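Participant: I am attaching a structure below and will ask some questions about it afterwards.
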Amino acid sequence: MLRSRDAVNIEQSLAGLADTLKHEGFRFVDGDALRPLLEQHQALDDWPEFAASWDRLEPDAYLAQVGRHRRRRHAVFSAERAGPMVLEPHQPHYQSLKYNPLQGDIERWFEPIEADVGNSVCLRAILEFTRDLFGRLAPETSQWHVEVHQFRIEARPGEPGMPTPEGVHRDGVDYVLVLLIDRSNILSGTTTIHDDQGRQLGSFTLTQALDAALV
């Protein structure tokens, strides 16, 4: 249960995040600030098991032409304004060429997120947080289509990891949360935000678990 002061602080934090996103379009949030916003929905009791699932991702076969340095799993959820997040039957991830010049206009079937991960306390807390926050920006929205991607980027000596081989791009969705699970023996890994004309608006590096970028 949240104490009154905790609830007020969380409400102020959410309102501040929503206001920044509305006016600037993006926001970096460090893990220490994000954790209580997640834990208002669910305690992150299964974090070790949740994070360990990133050791069991499958290669992204659609990157064969540029190198096998990205592993992933994918799931789709649906949700209303309130109530449970519903895991939908496994389905492809699709982007048009307008948004993804490298892999657009094809249905990409990735391995599904493991059942235990899809039903985990951690993932449910993350999904409920994003619905709460983004719902403040789209109060007229009654139904949400939510895609969840687990990514693991692997770099090797002399071969840098490339999380986005398509370069600067748009995802073709309304709202995005990028959340760091872990990083080990990695240099750089900078996230950059650009406007529609390609001008850089901001950059930051996610370094600790739960560091996040909201777009």
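We name chains A, B, ... following the order of the structure tokens; residues begin at 1 in each chain, and ligands are numbered from 1 as shown.
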Using only C-alpha atoms, tabulate the residues of region 107-140 of chain A lying at most 7 Å from any atom of region 68-88 of chain A, each with its closest atom pair and that distance in Å to one decimal, by chain and increasing residue number, as JSON lines.

Facilitator:
```
{"residue": "A:Phe110", "atom": "CA", "partner": "A:Arg73", "partner_atom": "CA", "distance": 5.8}
{"residue": "A:Glu111", "atom": "CA", "partner": "A:Arg73", "partner_atom": "CA", "distance": 5.1}
{"residue": "A:Pro112", "atom": "CA", "partner": "A:His74", "partner_atom": "CA", "distance": 5.1}
{"residue": "A:Ile113", "atom": "CA", "partner": "A:Arg73", "partner_atom": "CA", "distance": 5.1}
```

Participant: Excluding Leu137 (chain A) and any residue of its chain fewer than 3 positions from it, enumerate the residues within 8 Å of it, using only C-alpha atoms, and give them as a list of chain:residue names.

Facilitator: A:Ala18, A:Lys22, A:Leu133, A:Phe134

Participant: Give me, as a PyMOL selection string, all polymer residues having an atom no more than 12 Å from Leu187 (chain A), counting only C-alpha atoms and skipping those fewer than 5 positions away in the same chain.

Facilitator: chain A and resi 154-157+160-161+205-207

Participant: Please list as a list in words every residue within 9 Å of Trp47 (chain A), counting only C-alpha atoms and excluding residues in the same chain fewer than 6 positions away.

Facilitator: Ser120, Val121 and Cys122 of chain A

Participant: Given the choices A:Phe151, A:Ile193, A:Val146, A:His23, which gets closest to Glu128 (chain A) if the distance is worked out from only C-alpha atoms?

Facilitator: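 For Glu128 (chain A), the nearest of the candidates is A:Val146.
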